[in-house]
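**Q** Data: final_19.cif, mmCIF, C-alpha atoms.
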data_my_file
loop_
_atom_site.label_atom_id
_atom_site.label_comp_id
_atom_site.auth_asym_id
_atom_site.auth_seq_id
_atom_site.Cartn_x
_atom_site.Cartn_y
_atom_site.Cartn_z
CA GLY A 1 65.41 -154.89 -70.48
CA ALA A 2 66.11 -151.28 -71.27
CA VAL A 3 67.24 -150.19 -74.74
CA VAL A 4 70.07 -147.86 -75.67
CA SER A 5 70.58 -146.74 -79.25
CA GLN A 6 73.45 -145.03 -80.99
CA HIS A 7 73.65 -143.05 -84.19
CA PRO A 8 75.31 -143.39 -86.57
CA SER A 9 76.31 -147.04 -86.54
CA TRP A 10 79.33 -146.22 -88.66
CA VAL A 11 80.92 -143.09 -90.03
CA ILE A 12 83.87 -142.25 -92.23
CA CYS A 13 85.32 -138.77 -92.03
CA LYS A 14 88.37 -136.93 -93.25
CA SER A 15 91.24 -135.97 -91.01
CA GLY A 16 90.67 -132.61 -89.37
CA THR A 17 86.89 -132.73 -89.40
CA SER A 18 84.54 -133.27 -86.44
CA VAL A 19 82.10 -136.08 -85.92
CA LYS A 20 79.13 -136.24 -83.55
CA ILE A 21 77.85 -139.52 -82.13
CA GLU A 22 74.50 -139.74 -80.36
CA CYS A 23 73.53 -142.07 -77.55
CA ARG A 24 69.88 -142.37 -76.58
CA SER A 25 68.07 -144.24 -73.86
CA LEU A 26 64.84 -145.22 -75.59
CA ASP A 27 62.60 -146.35 -72.77
CA PHE A 28 64.13 -144.94 -69.64
CA GLN A 29 65.74 -141.80 -68.33
CA ALA A 30 69.46 -141.79 -67.76
CA THR A 31 71.02 -139.12 -65.59
CA THR A 32 74.37 -140.75 -66.22
CA MET A 33 75.74 -142.28 -69.38
CA PHE A 34 79.17 -143.69 -70.09
CA TRP A 35 81.33 -143.49 -73.18
CA TYR A 36 83.81 -146.25 -74.00
CA ARG A 37 86.30 -146.66 -76.77
CA GLN A 38 87.44 -150.01 -78.10
CA PHE A 39 90.36 -150.47 -80.46
CA PRO A 40 90.56 -153.66 -82.55
CA LYS A 41 91.23 -156.76 -80.48
CA GLN A 42 91.37 -154.72 -77.30
CA SER A 43 89.15 -154.18 -74.31
CA LEU A 44 86.65 -151.42 -73.65
CA MET A 45 88.23 -148.38 -72.09
CA LEU A 46 86.09 -145.84 -70.31
CA MET A 47 86.57 -142.38 -71.77
CA ALA A 48 84.16 -140.31 -69.73
CA THR A 49 81.06 -140.22 -67.60
CA SER A 50 78.33 -138.03 -69.03
CA ASN A 51 76.15 -136.28 -66.45
CA GLU A 52 72.81 -134.73 -67.35
CA GLY A 53 72.88 -130.99 -66.81
CA SER A 54 76.51 -130.81 -65.74
CA LYS A 55 80.01 -131.28 -67.06
CA ALA A 56 81.28 -134.67 -68.02
CA THR A 57 83.94 -136.41 -65.98
CA TYR A 58 86.85 -137.54 -68.11
CA GLU A 59 89.18 -140.42 -67.37
CA GLN A 60 92.87 -139.77 -67.03
CA GLY A 61 94.55 -139.32 -70.38
CA VAL A 62 91.38 -138.44 -72.30
CA GLU A 63 91.47 -134.95 -73.80
CA LYS A 64 88.27 -133.16 -72.85
CA ASP A 65 88.75 -130.51 -75.53
CA LYS A 66 89.03 -133.16 -78.19
CA PHE A 67 86.17 -135.38 -77.06
CA LEU A 68 83.29 -133.05 -76.29
CA ILE A 69 80.41 -134.55 -74.36
CA ASN A 70 77.00 -132.98 -73.98
CA HIS A 71 74.18 -134.51 -71.94
CA ALA A 72 71.43 -132.00 -72.52
CA SER A 73 68.47 -134.22 -71.69
CA LEU A 74 67.68 -137.30 -69.65
CA THR A 75 67.63 -139.47 -72.76
CA LEU A 76 70.42 -138.10 -74.94
CA SER A 77 74.17 -137.80 -74.66
CA THR A 78 76.42 -136.79 -77.53
CA LEU A 79 80.10 -137.33 -78.10
CA THR A 80 81.83 -135.06 -80.58
CA VAL A 81 85.26 -136.01 -81.79
CA THR A 82 86.86 -132.74 -82.83
CA SER A 83 89.66 -132.42 -85.34
CA ALA A 84 89.64 -136.15 -85.86
CA HIS A 85 92.83 -137.95 -86.83
CA PRO A 86 93.39 -141.51 -88.05
CA GLU A 87 94.43 -142.58 -84.55
CA ASP A 88 90.90 -141.71 -83.38
CA SER A 89 89.54 -144.48 -85.57
CA SER A 90 87.87 -146.85 -83.16
CA PHE A 91 84.62 -148.41 -81.97
CA TYR A 92 82.78 -146.03 -79.65
CA ILE A 93 80.15 -147.50 -77.33
CA CYS A 94 77.90 -145.81 -74.83
CA SER A 95 76.06 -147.33 -71.89
CA ALA A 96 73.52 -146.33 -69.29
CA ARG A 97 71.84 -147.79 -66.28
CA ASP A 98 68.10 -147.80 -65.69
CA LEU A 99 67.83 -146.61 -62.10
CA ARG A 100 64.28 -147.98 -61.87
CA GLU A 101 65.81 -151.45 -61.86
CA PRO A 102 67.29 -152.85 -58.64
CA SER A 103 70.10 -154.49 -60.58
CA TYR A 104 73.33 -152.73 -61.40
CA GLU A 105 73.14 -153.83 -65.02
CA GLN A 106 74.30 -151.36 -67.62
CA TYR A 107 72.76 -151.33 -71.07
CA PHE A 108 75.07 -150.81 -73.99
CA GLY A 109 74.38 -149.11 -77.26
CA PRO A 110 75.22 -150.99 -80.46
CA GLY A 111 78.37 -148.95 -80.97
CA THR A 112 79.63 -146.55 -83.62
CA ARG A 113 82.51 -147.51 -85.88
CA LEU A 114 84.53 -144.37 -86.66
CA THR A 115 87.07 -144.42 -89.47
CA VAL A 116 89.17 -141.32 -90.04
CA THR A 117 90.93 -141.15 -93.41
CA GLY B 118 91.42 -146.47 -59.46
CA GLU B 119 90.21 -149.95 -60.16
CA ASN B 120 92.40 -152.37 -62.13
CA VAL B 121 91.02 -155.62 -63.51
CA GLU B 122 93.25 -158.35 -64.89
CA GLN B 123 91.90 -161.25 -66.90
CA HIS B 124 93.44 -164.60 -67.83
CA PRO B 125 93.91 -166.31 -70.16
CA SER B 126 93.87 -164.00 -73.16
CA THR B 127 92.99 -166.90 -75.46
CA LEU B 128 91.36 -170.22 -74.72
CA SER B 129 90.75 -173.09 -77.07
CA VAL B 130 88.54 -175.95 -75.93
CA GLN B 131 86.96 -178.98 -77.48
CA GLU B 132 83.21 -178.93 -77.85
CA GLY B 133 81.63 -180.37 -74.71
CA ASP B 134 84.54 -179.49 -72.47
CA SER B 135 84.49 -176.77 -69.82
CA ALA B 136 86.04 -173.32 -70.07
CA VAL B 137 87.23 -171.26 -67.13
CA ILE B 138 88.24 -167.60 -67.22
CA LYS B 139 89.68 -165.83 -64.20
CA CYS B 140 89.79 -162.18 -63.18
CA THR B 141 91.33 -160.29 -60.33
CA TYR B 142 90.45 -156.78 -59.19
CA SER B 143 92.20 -154.25 -57.03
CA ASP B 144 89.49 -152.03 -55.50
CA SER B 145 88.11 -153.63 -52.35
CA ALA B 146 85.08 -151.31 -52.62
CA SER B 147 83.97 -152.92 -55.89
CA ASN B 148 80.78 -154.85 -55.35
CA TYR B 149 79.41 -155.64 -58.79
CA PHE B 150 81.07 -158.07 -61.22
CA PRO B 151 79.45 -158.64 -64.62
CA TRP B 152 80.64 -160.88 -67.42
CA TYR B 153 80.07 -159.99 -71.04
CA LYS B 154 80.21 -161.87 -74.32
CA GLN B 155 81.10 -159.82 -77.36
CA GLU B 156 80.94 -160.91 -80.94
CA LEU B 157 82.85 -159.08 -83.63
CA GLY B 158 81.48 -155.62 -84.26
CA LYS B 159 78.69 -156.02 -81.72
CA ARG B 160 77.91 -154.54 -78.34
CA PRO B 161 78.91 -156.43 -75.19
CA GLN B 162 76.14 -158.75 -74.06
CA LEU B 163 75.68 -159.41 -70.36
CA ILE B 164 75.73 -163.15 -69.73
CA ILE B 165 75.87 -163.25 -65.95
CA ASP B 166 76.69 -160.96 -63.06
CA ILE B 167 77.29 -161.28 -59.34
CA ARG B 168 77.24 -158.95 -56.40
CA SER B 169 79.71 -159.06 -53.55
CA ASN B 170 77.16 -160.40 -51.08
CA VAL B 171 76.99 -163.65 -53.06
CA GLY B 172 79.75 -166.21 -53.52
CA GLU B 173 78.39 -168.10 -56.50
CA LYS B 174 75.70 -167.75 -59.11
CA LYS B 175 74.63 -170.15 -61.81
CA ASP B 176 72.51 -169.86 -64.92
CA GLN B 177 72.22 -173.08 -66.92
CA ARG B 178 75.68 -173.79 -68.37
CA ILE B 179 77.25 -170.62 -66.99
CA ALA B 180 78.41 -169.98 -63.45
CA VAL B 181 80.39 -167.28 -61.73
CA THR B 182 82.26 -167.56 -58.44
CA LEU B 183 83.55 -164.70 -56.34
CA ASN B 184 86.22 -164.67 -53.66
CA LYS B 185 86.08 -161.26 -51.99
CA THR B 186 89.00 -161.94 -49.71
CA ALA B 187 91.31 -162.78 -52.56
CA LYS B 188 89.65 -160.25 -54.85
CA HIS B 189 89.12 -162.62 -57.71
CA PHE B 190 86.18 -163.99 -59.63
CA SER B 191 85.82 -166.62 -62.31
CA LEU B 192 83.51 -167.57 -65.15
CA HIS B 193 82.77 -171.23 -65.77
CA ILE B 194 81.14 -172.46 -68.95
CA THR B 195 80.25 -176.15 -69.03
CA GLU B 196 79.39 -178.31 -72.02
CA THR B 197 80.77 -175.75 -74.41
CA GLN B 198 79.23 -175.39 -77.84
CA PRO B 199 80.60 -173.79 -81.03
CA GLU B 200 78.27 -170.83 -80.52
CA ASP B 201 80.08 -170.06 -77.28
CA SER B 202 83.04 -168.93 -79.41
CA ALA B 203 83.46 -165.19 -78.80
CA VAL B 204 85.43 -162.71 -76.72
CA TYR B 205 84.52 -162.63 -73.05
CA PHE B 206 85.14 -159.69 -70.75
CA CYS B 207 84.94 -159.45 -67.01
CA ALA B 208 84.33 -156.12 -65.33
CA ALA B 209 84.10 -154.59 -61.90
CA SER B 210 82.39 -151.55 -60.45
CA ARG B 211 81.24 -150.06 -57.19
CA GLY B 212 77.65 -150.58 -58.21
CA THR B 213 76.41 -147.12 -57.32
CA ALA B 214 74.40 -144.80 -59.55
CA GLY B 215 77.61 -143.63 -61.16
CA ASN B 216 78.85 -147.18 -61.54
CA LYS B 217 81.48 -146.93 -64.22
CA LEU B 218 82.77 -150.30 -65.27
CA THR B 219 86.43 -151.25 -65.43
CA PHE B 220 86.96 -154.07 -67.89
CA GLY B 221 89.47 -156.86 -67.98
CA GLY B 222 91.57 -157.35 -71.08
CA GLY B 223 89.29 -159.99 -72.57
CA THR B 224 89.54 -163.68 -73.39
CA ARG B 225 89.10 -164.97 -76.90
CA VAL B 226 87.38 -168.35 -76.62
CA LEU B 227 87.37 -170.81 -79.48
CA VAL B 228 85.24 -173.93 -79.18
CA LYS B 229 86.36 -176.54 -81.66
CA PRO B 230 83.71 -178.92 -82.98
#
I need this file expressed as C-alpha cells, please.
**A**
Amino acid sequence: GAVVSQHPSWVICKSGTSVKIECRSLDFQATTMFWYRQFPKQSLMLMATSNEGSKATYEQGVEKDKFLINHASLTLSTLTVTSAHPEDSSFYICSARDLREPSYEQYFGPGTRLTVT
Amino acid sequence: GENVEQHPSTLSVQEGDSAVIKCTYSDSASNYFPWYKQELGKRPQLIIDIRSNVGEKKDQRIAVTLNKTAKHFSLHITETQPEDSAVYFCAASRGTAGNKLTFGGGTRVLVKP
C-alpha cells in the first residue's frame, strides 16, 4: 500500500510560538490530504481538507487563522499551529488517498504529538 | 454533515469469545465504511472496509455487515486473542476523491486471557 509520512513525530514548544508539521505522500501524488486532531482517549476529528494549489477547507469550529495549511505540491501538505497554547496539545494525524487505487482506502501518517508548555 | 455513533465505548471479552461493535450513520449518501484498529500513540490501521453495494464482507476472524436501510454497520471479531486488545473506530464517507472520513467515538476492547 501507499505510504504517508509525517515530521516531526513529536514536538514540544512554548506557549505563544508556532509549530509546523509536515505530511508527505512518499510513493504517490495526493491532490487532497486531510488533517485530523485526536485528544487523549478521544476519536479523530477532521480539522481541514488540504487541496493542492488552492485554499484548504476547514471544518466548522476550526480557526483557519490559527491552523494554517499549505499544500504547495502534490506530495506535501503542511499544518502550522500559530500562537500555540496548552489546549492545542494533541495528536495530529494526516491522511491521503492514492487515486491510482480503485479502493477508497485512506493512508494515515504516523502522527505528530504536540505538547505546548 | 455526517454523524457517526459507535457502541459500546468499552468492551471486555474473554479470550476466544466474539466481540461485536456497532455503528450508525446519518448521511444516506455515505457509501464507504472502514474500520480501524488503533494502538496507543500509533496511527489508525485499516482492518476491514465495506462499500454500500455489499452487505457483508469477511476476512479471516473479522467480518463487517452493513444495513443501508437502517444506516448501521457492525464489526464482528471471532475467536478473540489478547493481541486484539486496542481501540477500534468505525468511520463513514461518501467515497469520492474528497472523501473525508467521519469517525465514530471509538470502542476500547480488552481481551482477557
**Q** Listing only residues of stretch 9-105 of chain A within 10 Å of stretch 127-149 of chain B, what is the closest atom pair and its distance in Å (to one decimal) for each, using all atoms listed in the file, sorted by chain and residue number ascending, as JSON lines?
**A**
{"residue": "A:Ser103", "atom": "CA", "partner": "B:Tyr149", "partner_atom": "CA", "distance": 9.6}
{"residue": "A:Tyr104", "atom": "CA", "partner": "B:Tyr149", "partner_atom": "CA", "distance": 7.2}
{"residue": "A:Glu105", "atom": "CA", "partner": "B:Tyr149", "partner_atom": "CA", "distance": 9.0}
**Q** With only C-alpha atoms as the counted atoms, please give the residues lying no more than 8 Å from B:Leu218, apart from itself and same-chain residues fewer than 5 positions off, as a list in words.
**A**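 Here the answer would be Leu46 of chain A; Ala208, Ala209 and Ser210 of chain B.
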**Q** Considering all atoms listed in the file, state which residue in the set A:Ser25, A:Ser43, A:Ser90, A:Asn51 is at the smallest distance from chain B.
**A** A:Ser43
**Q** Taking into account only C-alpha atoms, which residue in the set A:Ser95, A:Thr115, A:Ser18, A:Ser77 is nearest to chain B?
**A**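 Closest residue, counting only C-alpha atoms: A:Ser95.
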**Q** Near chain B, which residues of chain A fall within 7 Å when you count all atoms listed in the file, and what do they look like as a PyMOL selection string?
**A** chain A and resi 32+42-44+104+108-111
**Q** Once the PyMOL selection byres ((chain B and resi 193) around 12) has been evaluated on this model, what residues remain selected, and can you format them as a compact mmCIF listing (two decimals) with C-alpha atoms, keeping the file's coordinate frame?
**A**
# COMPACT_ATOMS: atom_id res chain seq x y z
CA ASP B 134 84.54 -179.49 -72.47
CA SER B 135 84.49 -176.77 -69.82
CA ALA B 136 86.04 -173.32 -70.07
CA VAL B 137 87.23 -171.26 -67.13
CA ILE B 138 88.24 -167.60 -67.22
CA LYS B 139 89.68 -165.83 -64.20
CA CYS B 140 89.79 -162.18 -63.18
CA TRP B 152 80.64 -160.88 -67.42
CA ILE B 164 75.73 -163.15 -69.73
CA ILE B 165 75.87 -163.25 -65.95
CA GLU B 173 78.39 -168.10 -56.50
CA LYS B 174 75.70 -167.75 -59.11
CA LYS B 175 74.63 -170.15 -61.81
CA ASP B 176 72.51 -169.86 -64.92
CA GLN B 177 72.22 -173.08 -66.92
CA ARG B 178 75.68 -173.79 -68.37
CA ILE B 179 77.25 -170.62 -66.99
CA ALA B 180 78.41 -169.98 -63.45
CA VAL B 181 80.39 -167.28 -61.73
CA THR B 182 82.26 -167.56 -58.44
CA LEU B 183 83.55 -164.70 -56.34
CA PHE B 190 86.18 -163.99 -59.63
CA SER B 191 85.82 -166.62 -62.31
CA LEU B 192 83.51 -167.57 -65.15
CA ILE B 194 81.14 -172.46 -68.95
CA THR B 195 80.25 -176.15 -69.03
CA GLU B 196 79.39 -178.31 -72.02
CA THR B 197 80.77 -175.75 -74.41
CA ASP B 201 80.08 -170.06 -77.28
CA TYR B 205 84.52 -162.63 -73.05
**Q** Applied to the shown file, which residues does the PyMOL selection byres ((chain A and resi 72) around 12) return, written as a ChimeraX atom specification?
**A** /A:22-24,30-33,50-56,69-71,73-79
**Q** Identify, on the basis of only C-alpha atoms, every residue whose closest approach to stretch 9-15 of chain A does not exceed 9 Å; exclude the query and any residue fewer than 6 positions from it along the same chain; express the result as a list in words.
**A**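 Contacts, in chain order: Ile21, Ser83, Ala84, His85, Pro86, Phe91, Pro110, Gly111, Thr112, Arg113, Leu114, Thr115, Val116 and Thr117 of chain A.
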**Q** Report, in Å with one decimal, the straight-line distance from atom CA of A:Thr49 to atom CA of A:Val62.
**A**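 Computing it gives 11.5 Å between the two atoms.
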**Q** What is the distance between atom CA of B:Pro230 and atom CA of A:Lys41, in Å to one decimal?
**A** 23.5 Å
**Q** Counting all atoms listed in the file, which of A:Met45, A:Arg100, A:Asp65, A:Gln106 gets nearest to B:Asn120?
**A**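 Once distances to B:Asn120 are computed over all atoms listed in the file, the minimum belongs to A:Met45.
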**Q** For the atom pair atom CA of B:Pro199 and atom CA of B:Glu156, what is the interatomic distance in Å to one decimal place?
**A**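 If I compute the distance from atom CA of B:Pro199 to atom CA of B:Glu156, I get 12.9 Å.
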**Q** Nearest to B:His189: which of B:Leu227, B:Gly118, B:Gln155, B:Ser169 is it, counting only C-alpha atoms?
**A**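 So, comparing all the options, the nearest one is B:Ser169.
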**Q** I'd like the box whose edges run along x, y and z of the file and which contains every listed atom of stretch 156-162 of chain B, padded by 8 Å per side; could you state its centre and edge lengths in Å, one decimal, as lines of an AutoDock Vina configuration file?
**A**
center_x = 79.5
center_y = -157.7
center_z = -79.2
size_x = 22.7
size_y = 22.4
size_z = 26.2
**Q** Kindly extract all protein, DNA and RNA residues lying within 6 Å of the coordinates (80.3, -142.8, -73.0) given in the file, considering all atoms listed in the file, and supply them as a list in words.
**A** Met33, Phe34, Trp35, Tyr36, Ala48 and Cys94 of chain A
**Q** Identify, on the basis of only C-alpha atoms, every residue whose closest approach to A:Asp98 does not exceed 7 Å; exclude the query and any residue fewer than 6 positions from it along the same chain; express the result as a PyMOL selection string.
**A** chain A and resi 2+28-30
**Q** Can you sort out stretch 28-49 of chain A so it carries N, CA and C atoms, written as a short mmCIF file (atom, residue, chain, number, x, y, z; two decimals), in the frame of the given file?
**A**
data_model
loop_
_atom_site.label_atom_id
_atom_site.label_comp_id
_atom_site.auth_asym_id
_atom_site.auth_seq_id
_atom_site.Cartn_x
_atom_site.Cartn_y
_atom_site.Cartn_z
N PHE A 28 63.88 -145.32 -71.02
CA PHE A 28 64.13 -144.94 -69.64
C PHE A 28 64.94 -143.65 -69.62
N GLN A 29 64.96 -143.01 -68.47
CA GLN A 29 65.74 -141.80 -68.33
C GLN A 29 67.09 -142.13 -67.71
N ALA A 30 68.11 -141.49 -68.23
CA ALA A 30 69.46 -141.79 -67.76
C ALA A 30 70.14 -140.50 -67.35
N THR A 31 70.30 -140.31 -66.05
CA THR A 31 71.02 -139.12 -65.59
C THR A 31 72.52 -139.26 -65.84
N THR A 32 72.96 -140.49 -65.98
CA THR A 32 74.37 -140.75 -66.22
C THR A 32 74.52 -141.72 -67.38
N MET A 33 75.39 -141.38 -68.29
CA MET A 33 75.74 -142.28 -69.38
C MET A 33 77.26 -142.38 -69.44
N PHE A 34 77.73 -143.45 -70.01
CA PHE A 34 79.17 -143.69 -70.09
C PHE A 34 79.60 -143.86 -71.54
N TRP A 35 80.76 -143.33 -71.84
CA TRP A 35 81.33 -143.49 -73.18
C TRP A 35 82.61 -144.31 -73.10
N TYR A 36 82.64 -145.37 -73.93
CA TYR A 36 83.81 -146.25 -74.00
C TYR A 36 84.37 -146.21 -75.41
N ARG A 37 85.64 -146.53 -75.47
CA ARG A 37 86.30 -146.66 -76.77
C ARG A 37 86.96 -148.04 -76.80
N GLN A 38 86.86 -148.68 -77.95
CA GLN A 38 87.44 -150.01 -78.10
C GLN A 38 88.21 -150.09 -79.39
N PHE A 39 89.52 -150.26 -79.29
CA PHE A 39 90.36 -150.47 -80.46
C PHE A 39 90.31 -151.95 -80.83
N PRO A 40 90.65 -152.26 -82.10
CA PRO A 40 90.56 -153.66 -82.55
C PRO A 40 91.33 -154.61 -81.64
N LYS A 41 90.67 -155.69 -81.30
CA LYS A 41 91.23 -156.76 -80.48
C LYS A 41 91.67 -156.28 -79.10
N GLN A 42 91.07 -155.21 -78.64
CA GLN A 42 91.37 -154.72 -77.30
C GLN A 42 90.09 -154.62 -76.47
N SER A 43 90.28 -154.26 -75.23
CA SER A 43 89.15 -154.18 -74.31
C SER A 43 88.45 -152.83 -74.43
N LEU A 44 87.35 -152.70 -73.72
CA LEU A 44 86.65 -151.42 -73.65
C LEU A 44 87.33 -150.54 -72.60
N MET A 45 87.62 -149.33 -73.01
CA MET A 45 88.23 -148.38 -72.09
C MET A 45 87.27 -147.22 -71.87
N LEU A 46 86.98 -146.94 -70.61
CA LEU A 46 86.09 -145.84 -70.31
C LEU A 46 86.77 -144.52 -70.66
N MET A 47 86.04 -143.69 -71.43
CA MET A 47 86.57 -142.38 -71.77
C MET A 47 86.06 -141.32 -70.80
N ALA A 48 84.75 -141.36 -70.55
CA ALA A 48 84.16 -140.31 -69.73
C ALA A 48 82.79 -140.72 -69.23
N THR A 49 82.40 -140.06 -68.16
CA THR A 49 81.06 -140.22 -67.60
C THR A 49 80.28 -138.95 -67.93
#
